[in-house]
Amino acid sequence: MVLLTGFVPFGGELINPSWQAVAALDGRLIAGHRVRAVQLPCEFESAPRALRAALRRYRPSLVIATGQAGGRAGLSLERVALNLIDARIADNAGLQPIDVPISPRAPLACLSTLPIKSALLALRDAGIEAEVSQTAGTFVCNQVFYVLMRALVRRPEVRAGFVHVPWLPAQAARHDGPGMALDTIVRGLEVIVETSLNTVADACAPAGAEC
Ligand code: PCA
């Protein structure tokens with residue numbers, strides 16, 4: 001099966017598009033795989049536990065964790081999970097760790113094992129705005145991404161990664177920033193799941209960035 005995770009609202013928002021989108025895919029059959037959606041708390045202490053419990057419970061063959069990245073215009077296929085927390089705001093439990101590793105003595109970074117380039121091309125073909133992102137930030141999403149990749153380090157056959165999604169239109173209007181319709185986010189995640197299940201070797205296409 002395919003495990004999708006999304007987050008509860010955080011940072012004063014009333015909704016989190018990541019959860020709304022994966023919840024819409026819960027129970028769906030994609031390329032012969034049943035989709036299960038699990039909601040994660042936006043808390044440094046409990047999110048990794050909830051993720052590990054879901055991995056044990058469902059034994060998925062593909063895992064895509066998702067979260068809200070307000071201010072980004074398209075779906076962000078995250079490339080790198082950093083072993084670092086630097087919380088700009090407190091999490092939903094009131095914790096604000098600054099400059100601490102997620103896992104002491106573990107590697108500084110892990111890379112997504114999703115075929116992010118093939119997914120990028122498939123999203124563009126579907127007319128859905130998307131990019132490969134070189135940073136998932138240093139908050140709870142990056143922590144969950146890092147914990148996910150470490151949990152699967154000895155199971156390379158289980159592909160996993162992280163996708164950030166934009167604000168929904170109503171949130172975007174309040175922030176005067178870019179947004180994306182829920183249907184488009186849902187369709188985009190479906191495209192990423194399909195591509196991840198159907199691709200053996202990732203495409204070779206440029207998606208880097210200059211500074
Ligand atoms: N986005 C936050 C945490 C939860 C979410 O949906 C982040 O990008 O870290």
# chains A, B, ... in the order shown; residues from 1 in each chain; ligands from 1
call {"tool": "residues_near_ligand", "arguments": {"ligand": "ligand 1", "cutoff": "6 Å", "atoms": "only C-alpha atoms and all ligand atoms", "output": "PyMOL selection string"}}
result
chain A and resi 7+42+67-69+139-142
call {"tool": "write_last_selection", "arguments": {"atoms": "all heavy atoms", "output": "short mmCIF file (atom, residue, chain, number, x, y, z; two decimals), in the first residue's frame"}}
result
data_model
loop_
_atom_site.label_atom_id
_atom_site.label_comp_id
_atom_site.auth_asym_id
_atom_site.auth_seq_id
_atom_site.Cartn_x
_atom_site.Cartn_y
_atom_site.Cartn_z
N PHE A 7 -0.36 17.18 7.71
CA PHE A 7 -0.26 17.74 9.07
C PHE A 7 -1.56 18.40 9.51
O PHE A 7 -2.35 18.88 8.69
CB PHE A 7 0.84 18.79 9.12
CG PHE A 7 2.21 18.21 9.30
CD1 PHE A 7 3.04 18.02 8.20
CD2 PHE A 7 2.67 17.86 10.55
CE1 PHE A 7 4.31 17.49 8.36
CE2 PHE A 7 3.95 17.33 10.72
CZ PHE A 7 4.76 17.15 9.62
N CYS A 42 1.62 18.65 14.55
CA CYS A 42 2.72 19.58 14.24
C CYS A 42 3.48 19.85 15.54
O CYS A 42 3.46 20.95 16.08
CB CYS A 42 2.17 20.86 13.61
SG CYS A 42 3.50 21.92 13.05
N GLY A 67 3.28 18.51 3.62
CA GLY A 67 3.07 19.59 4.58
C GLY A 67 2.79 20.88 3.82
O GLY A 67 2.98 20.96 2.60
N GLN A 68 2.33 21.86 4.55
CA GLN A 68 2.02 23.18 3.96
C GLN A 68 3.27 24.05 3.90
O GLN A 68 3.99 24.16 4.91
CB GLN A 68 0.96 23.87 4.82
CG GLN A 68 0.76 25.34 4.54
CD GLN A 68 -0.11 25.99 5.60
OE1 GLN A 68 -1.23 25.58 5.84
NE2 GLN A 68 0.40 27.03 6.25
N ALA A 69 3.51 24.63 2.75
CA ALA A 69 4.58 25.63 2.63
C ALA A 69 3.94 26.91 2.12
O ALA A 69 3.86 27.15 0.90
CB ALA A 69 5.66 25.15 1.67
N PHE A 139 11.83 23.17 10.20
CA PHE A 139 10.74 23.05 11.18
C PHE A 139 10.27 21.58 11.21
O PHE A 139 11.04 20.66 10.93
CB PHE A 139 9.64 24.06 10.78
CG PHE A 139 8.63 24.35 11.84
CD1 PHE A 139 8.98 24.69 13.14
CD2 PHE A 139 7.26 24.31 11.53
CE1 PHE A 139 8.01 24.96 14.11
CE2 PHE A 139 6.29 24.60 12.47
CZ PHE A 139 6.66 24.92 13.76
N VAL A 140 9.00 21.37 11.56
CA VAL A 140 8.52 20.00 11.79
C VAL A 140 8.47 19.18 10.49
O VAL A 140 8.71 17.97 10.50
CB VAL A 140 7.13 20.00 12.48
CG1 VAL A 140 6.70 18.58 12.79
CG2 VAL A 140 7.18 20.82 13.78
N CYS A 141 8.19 19.82 9.36
CA CYS A 141 8.15 19.07 8.10
C CYS A 141 9.51 18.46 7.78
O CYS A 141 9.62 17.28 7.43
CB CYS A 141 7.73 19.97 6.94
SG CYS A 141 5.97 20.34 6.96
N ASN A 142 10.56 19.28 7.90
CA ASN A 142 11.90 18.76 7.65
C ASN A 142 12.25 17.65 8.64
O ASN A 142 12.87 16.64 8.28
CB ASN A 142 12.92 19.90 7.74
CG ASN A 142 14.35 19.39 7.64
OD1 ASN A 142 14.79 18.97 6.58
ND2 ASN A 142 15.06 19.38 8.76
#
call {"tool": "select_by_dssp", "arguments": {"residues": "stretch 64-117 of chain A", "states": "strand (DSSP E)", "output": "number ranges by chain"}}
result
A: 64-68, 75-78, 80-82, 85-86, 98-100, 109-111
call {"tool": "residues_around", "arguments": {"residues": "A:Met149", "least_positions_apart": "3", "cutoff": "9 Å", "atoms": "only C-alpha atoms", "output": "list in words"}}
result
Ala81, Cys110, Leu111, Ser112, Thr113, Val144, Phe145, Tyr146, Leu152, Val153, Ala160 and Gly161 of chain A
call {"tool": "write_last_selection", "arguments": {"atoms": "N, CA and C atoms", "output": "mmCIF file, in the first residue's frame"}}
result
data_model
loop_
_atom_site.group_PDB
_atom_site.id
_atom_site.type_symbol
_atom_site.label_atom_id
_atom_site.label_comp_id
_atom_site.auth_asym_id
_atom_site.auth_seq_id
_atom_site.Cartn_x
_atom_site.Cartn_y
_atom_site.Cartn_z
ATOM 1 N N ALA A 81 16.574 16.282 3.128
ATOM 2 C CA ALA A 81 16.160 16.401 4.535
ATOM 3 C C ALA A 81 17.415 16.653 5.355
ATOM 4 N N CYS A 110 19.796 13.595 4.372
ATOM 5 C CA CYS A 110 19.331 12.436 3.602
ATOM 6 C C CYS A 110 18.639 12.965 2.351
ATOM 7 N N LEU A 111 18.712 12.169 1.282
ATOM 8 C CA LEU A 111 18.052 12.568 0.033
ATOM 9 C C LEU A 111 16.746 11.789 -0.159
ATOM 10 N N SER A 112 15.764 12.449 -0.740
ATOM 11 C CA SER A 112 14.522 11.773 -1.125
ATOM 12 C C SER A 112 14.853 10.587 -2.021
ATOM 13 N N THR A 113 14.098 9.515 -1.896
ATOM 14 C CA THR A 113 14.271 8.381 -2.824
ATOM 15 C C THR A 113 13.103 8.309 -3.817
ATOM 16 N N VAL A 144 10.134 15.522 10.104
ATOM 17 C CA VAL A 144 9.415 14.303 9.703
ATOM 18 C C VAL A 144 10.075 13.674 8.462
ATOM 19 N N PHE A 145 10.466 14.511 7.517
ATOM 20 C CA PHE A 145 11.145 14.036 6.302
ATOM 21 C C PHE A 145 12.436 13.296 6.689
ATOM 22 N N TYR A 146 13.223 13.895 7.578
ATOM 23 C CA TYR A 146 14.495 13.280 7.978
ATOM 24 C C TYR A 146 14.261 11.954 8.720
ATOM 25 N N LEU A 152 13.804 4.317 6.978
ATOM 26 C CA LEU A 152 13.767 3.396 5.835
ATOM 27 C C LEU A 152 15.153 3.144 5.255
ATOM 28 N N VAL A 153 16.179 3.555 5.983
ATOM 29 C CA VAL A 153 17.532 3.521 5.409
ATOM 30 C C VAL A 153 17.950 2.092 5.029
ATOM 31 N N ALA A 160 10.537 6.804 -0.589
ATOM 32 C CA ALA A 160 9.920 7.758 0.329
ATOM 33 C C ALA A 160 10.438 9.163 0.064
ATOM 34 N N GLY A 161 9.635 10.136 0.449
ATOM 35 C CA GLY A 161 10.061 11.521 0.297
ATOM 36 C C GLY A 161 9.017 12.468 0.837
#
call {"tool": "atom_distance", "arguments": {"atom1": "atom CA of A:Gly32", "atom2": "atom CA of A:Leu4"}}
result
15.5 Å
call {"tool": "select_by_dssp", "arguments": {"residues": "stretch 113-178 of chain A", "states": "alpha helix (DSSP H)", "output": "list in words"}}
result
Ile116, Lys117, Ser118, Ala119, Leu120, Leu121, Ala122, Leu123, Arg124, Asp125, Val140, Cys141, Asn142, Gln143, Val144, Phe145, Tyr146, Val147, Leu148, Met149, Arg150, Ala151, Pro169, Ala170, Gln171, Ala172, Ala173, Arg174 and His175 of chain A
call {"tool": "write_last_selection", "arguments": {"atoms": "C-alpha atoms", "output": "compact mmCIF listing (two decimals), in the first residue's frame"}}
result
# COMPACT_ATOMS: atom_id res chain seq x y z
CA ILE A 116 11.54 13.66 -8.19
CA LYS A 117 12.68 14.56 -11.70
CA SER A 118 10.24 12.14 -13.37
CA ALA A 119 7.52 13.45 -11.06
CA LEU A 120 8.40 17.04 -11.99
CA LEU A 121 8.09 16.23 -15.71
CA ALA A 122 4.80 14.39 -15.15
CA LEU A 123 3.38 17.30 -13.15
CA ARG A 124 4.38 19.75 -15.88
CA ASP A 125 2.74 17.50 -18.49
CA VAL A 140 8.52 20.00 11.79
CA CYS A 141 8.15 19.07 8.10
CA ASN A 142 11.90 18.76 7.65
CA GLN A 143 12.08 16.76 10.89
CA VAL A 144 9.42 14.30 9.70
CA PHE A 145 11.15 14.04 6.30
CA TYR A 146 14.49 13.28 7.98
CA VAL A 147 13.02 10.75 10.43
CA LEU A 148 11.19 9.07 7.52
CA MET A 149 14.34 8.68 5.44
CA ARG A 150 16.33 7.36 8.42
CA ALA A 151 13.56 4.89 9.34
CA PRO A 169 -6.97 29.99 -2.23
CA ALA A 170 -8.77 31.27 0.91
CA GLN A 171 -5.53 31.18 2.95
CA ALA A 172 -3.59 32.73 0.08
CA ALA A 173 -6.05 35.63 -0.13
CA ARG A 174 -5.62 36.35 3.59
CA HIS A 175 -1.83 36.37 3.24
call {"tool": "residues_around", "arguments": {"residues": "A:Leu55", "least_positions_apart": "4", "cutoff": "12 Å", "atoms": "only C-alpha atoms", "output": "list in words"}}
result
Met1, Val2, Leu3, Leu4, Thr5, Arg36, Ala37, Val38, Pro48, Arg49, Ala50, Leu51, Arg59, Pro60, Ser61, Leu62, Val63, Ile64, Ala65, Val147, Leu148, Met149, Ala151, Leu152, Arg155, Val158 and Ala160 of chain A
call {"tool": "atom_distance", "arguments": {"atom1": "atom CA of A:Val22", "atom2": "atom CA of A:Leu75"}}
result
13.6 Å
call {"tool": "closest_residue", "arguments": {"among": "A:Leu168, A:Ala201, A:Gln134, A:Gly94", "to": "A:Trp19", "atoms": "only C-alpha atoms"}}
result
A:Leu168
call {"tool": "atom_distance", "arguments": {"atom1": "atom CA of A:Ala87", "atom2": "atom CA of A:Ile102"}}
result
11.9 Å
call {"tool": "closest_residue", "arguments": {"among": "A:Met180, A:Ala130, A:Leu40, A:Ala209", "to": "A:Thr66", "atoms": "only C-alpha atoms"}}
result
A:Leu40
call {"tool": "closest_residue", "arguments": {"among": "A:Ile185, A:Ala53, A:Ala203, A:Val80", "to": "A:Val165", "atoms": "only C-alpha atoms"}}
result
A:Ile185
call {"tool": "closest_residue", "arguments": {"among": "A:Glu157, A:Glu194, A:Glu43, A:Asp183", "to": "A:Ala90", "atoms": "only C-alpha atoms"}}
result
A:Glu43
call {"tool": "closest_residue", "arguments": {"among": "A:Asp176, A:Phe44, A:Arg187, A:His33", "to": "A:Leu95", "atoms": "only C-alpha atoms"}}
result
A:Phe44
call {"tool": "closest_residue", "arguments": {"among": "A:Pro115, A:Gly177, A:Gly27, A:Pro104", "to": "A:Asp202", "atoms": "only C-alpha atoms"}}
result
A:Pro115
